[in-house]
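Colleague: Take a look at this one; I'll ask things after.
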Amino acid sequence: MTLQQKILSFLVPLGLLSAVLTISIFNSAMDATLTQQVVQIARSEAESVSRKLVAGVESRDESRMLRDLQVSQKVAGATHLMVLDGAGLVLAHTNVSETGRRYADPSFQKMMKAGDVHVIDEKGDHPLVLVSAPIWSAQEDRMNEEMLLTGQDTTEGQERMGTVVISVPLQGSLATRVRMIKQLVWIVGMIGAVAILVAIGLIRGILKPVGFLKRGTAQISRGEYGVQIPTFGKDELSELAADFNRMSRNLSETTISKDFMSSVFTHMTEPLIVIGADGLLQMCNGATLRLLGYGENELSGRGAAVLLSADPKAAGEAVNFRPANDVDAEFVTKAGVKIPVVYSCSLLKNNNGETTGSILIARDMTERQRLETAMRRSEKMSAVGQLAAGVAHEINNPLGVILGYAQALVRRLPPADALEAPLRSIEKEAVRCKNLVQDLLTFSRVGKVEREPMDINKSVTAALSLVKAQAKIGQIMVERELAEGLPLILGNPNQIQQVIINLATNAMDALGLAGTISIRTEALEDGPLSWVCLKVSDSGSGIPQDILTRIFEPFFTTKPVGKGTGLGLSLVHEIVKKHSGTIDVQSRPGRTEFCVKFPARRSGASSEVGG
């Protein structure tokens, strides 16, 4: 309910109540006045006719009395008149049939004896006014006049000759009262309607500034600071409007800087953290929440140690971030993952120089460490490539001679010769060394690699024919799920096949004698780029997190001595890189998955790319 409705809901019932009371009082007053007027007319006519009836009463002349009564009936508009003697016998009556009737009713007898008395007969639908007047003899009448002049009681010791009773109807006065009441109701209604309209106008005029205040307050609540409202006159509401305008201007001036700082705080790309003097986190910007994986209000009020530990007990301990620059640390995300950061800390102080907290600005070093790791890996790859380029020919030539003579001698030996086993061993190790040199040569960036548009599913099928033969040695299941309609890639079929075999062999080594290897292909869309994805996964024990970042390093291996050279995954990484692709690995106990992505071939792409 609006304020205007509340005021009207009070004023309208009050006005209606006042109107009802006014009409009721006026009705009562009008009824008394009109009745008294009728009584006065009846009394005057009764007194007048009582003097005329003296002679008729003395002579008991009924016809004479009847004529006098009929004349008075017309003058007074009475319903009837009658003359009674002292015993209540009707001597004459305008209604001739009533003549000779005796009124023995005590109340009627009392009225006749009392003298100038009137009563209202409200029986029936037509109320009447009954007025009685005594009839005195001529001598007694003169004595009454003399006694009135001397102030004596005119009724003391006298006996009346009779009583005249006049009956006057009240319908006329009642009709007059009804007409006047209707007019009064109409007048009061018009006055009330005008009063309501005037009240509505006044209320609206009074509440108009309140409406401006309401709208202005709503605008400020929505953040529209600086809004101004009009002022009217010099009353209290105008003063309130002026105060509101001053408040709005002050809010606008103070919130401009606040909004600017809030915008800077929100849009910072580096994590910014405000810590109170009690060691609790007071504020964290969006970059901090995104980095650590927390919701908007999850960090507020928690101990600053939550930044450094996922352990609830450790996170509850006090941590003192002292003023410092470029401090290496590790923040811990909500999921418990450690993120390398470098932070700087400065103290917050109030106007009295008291420390109220500290500000922490951090920088995520994950990408930098990844780039440094990639750079170190690239340097190692470059060193291996230089080594391979420098010694490949020197090693290949002696290996070729050793392998050639060993194979020639084996062919010339007779069956079951004692030298066959040593020569076979020389041949096997020479082939192993030759393959090792070939792997080293892969890292050399000299020369060109022939590429052609190819279907990766064909390379997977060809490679699986070799992998399945080795998998049958143990209880290893090889599953494949090749997507249909894959776009072509631009690559070297032999090298792509080597990637698949190396990843599958690595998975079988992780499984041991039993497990499952899954090989899948699919098309991926990443923004404007299209990729063909090869995924190789196994159900082994997984790769420990502490060595996951080193698996692509040359010569790094966890296999026993003699079981691997540590070049398999490094070779895969180098081939994928030369094909402008990417390789990622995700590992947990029970599942390790390598995801290799090659760019989908574009029309007009070159079939030969520099190595």
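Residues in the structure tokens are numbered from 1 in each chain, the chains being A, B, ... in the order shown, and ligands are numbered from 1 in the order shown.
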Please identify all polymer residues within 8 Å of stretch 321-324 of chain A, counting only C-alpha atoms, omitting same-chain residues fewer than 3 positions from it, and present them as a VMD selection string.
Modeller: chain A and resid 327 344 to 347 358
Colleague: If you keep N, CA and C atoms, can you produce a file of those selected residues as a CSV table (one decimal), in the first residue's frame?
Modeller:
chain,number,residue,atom,x,y,z
A,327,VAL,N,60.3,-13.5,-4.2
A,327,VAL,CA,60.5,-14.7,-3.3
A,327,VAL,C,59.9,-15.9,-4.1
A,344,SER,N,56.0,-10.9,-4.2
A,344,SER,CA,56.6,-9.7,-3.5
A,344,SER,C,55.5,-9.3,-2.5
A,345,CYS,N,56.0,-8.9,-1.3
A,345,CYS,CA,55.1,-8.5,-0.2
A,345,CYS,C,55.5,-7.1,0.3
A,346,SER,N,54.5,-6.3,0.6
A,346,SER,CA,54.7,-5.0,1.2
A,346,SER,C,53.7,-4.8,2.3
A,347,LEU,N,54.0,-4.0,3.3
A,347,LEU,CA,53.1,-3.8,4.5
A,347,LEU,C,52.1,-2.7,4.2
A,358,SER,N,49.1,-6.7,5.0
A,358,SER,CA,50.1,-6.8,4.0
A,358,SER,C,49.5,-7.1,2.7
Colleague: Which residues come within 10 Å of A:Asp584, counting only C-alpha atoms, excluding same-chain residues fewer than 4 positions away, as a list in words?
Modeller: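 Contacts, in chain order: Lys535, His573, Glu593, Phe594, Cys595, Val596 and Lys597 of chain A.
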Colleague: Just the number, please: distance in Å from atom CA of A:Ser530 to atom CA of A:Pro599, one decimal.
Modeller: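 Computing it gives 6.2 Å between the two atoms.
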Colleague: As an exercise, work out the distance from atom CA of A:Ala241 to atom CA of A:Phe212 in Å and give it to one decimal place.
Modeller: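 Distance reported for this atom pair: 8.4 Å.
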Colleague: Just how far from atom CA of A:Leu280 is atom CA of A:Ala304, in Å to one decimal?
Modeller: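 Answer for the atom CA of A:Ala304 to atom CA of A:Leu280 separation: 5.5 Å.
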Colleague: Given only C-alpha atoms as the basis, pick out the residue of A:Ser167, A:Thr33, A:Ser97, A:Ala92 nearest to A:Lys74.
Modeller: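 Smallest distance to A:Lys74 is found for A:Ser167.
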Colleague: Give me, as a ChimeraX atom specification, the residues of stretch 387-595 of chain A that a backbone DSSP run labels strand (DSSP E).
Modeller: /A:448-450,452-454,475-482,489-491,514-526,529-538,582-588,591-595
Colleague: Report as a PyMOL selection string all protein, DNA and RNA residues lying within 8 Å of A:Ser541, evaluated on only C-alpha atoms, omitting residues in the same chain fewer than 4 positions from it.
Modeller: chain A and resi 510-511+588-591
Colleague: Let's have the selection written as a tab-separated table (two decimals), in the first residue's frame, with C-alpha atoms.
Modeller:
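Now in result10.tsv:
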chain	number	residue	atom	x	y	z
A	510	ALA	CA	54.56	-50.61	-18.53
A	511	LEU	CA	52.00	-53.46	-18.48
A	588	ARG	CA	47.35	-41.87	-12.75
A	589	PRO	CA	47.42	-45.35	-11.18
A	590	GLY	CA	45.52	-47.63	-13.54
A	591	ARG	CA	45.63	-45.40	-16.62
Colleague: Using only C-alpha atoms, determine which residues lie at most 9 Å from stretch 362-375 of chain A, disregarding the query and same-chain residues fewer than 5 positions distant; provide the list as JSON, numbers by chain.
Modeller: {"A": [270, 271, 272, 273, 288, 291, 326, 339, 340, 341, 342, 343, 344, 345, 380, 549, 550]}
Colleague: Could you give me, as a ChimeraX atom specification, the residues within 9 Å of A:Cys284, counting only C-alpha atoms and dropping anything in the same chain fewer than 2 positions from it?
Modeller: /A:265,271-275,281-282,286-289,296,299-300
Colleague: Name all residues at most 12 Å from stretch 43-54 of chain A (count only C-alpha atoms; drop same-chain ones fewer than 5 positions away) and give them as number ranges by chain.
Modeller: A: 36-38, 59-78, 80-85, 91-92, 115-119, 129-142, 160-168
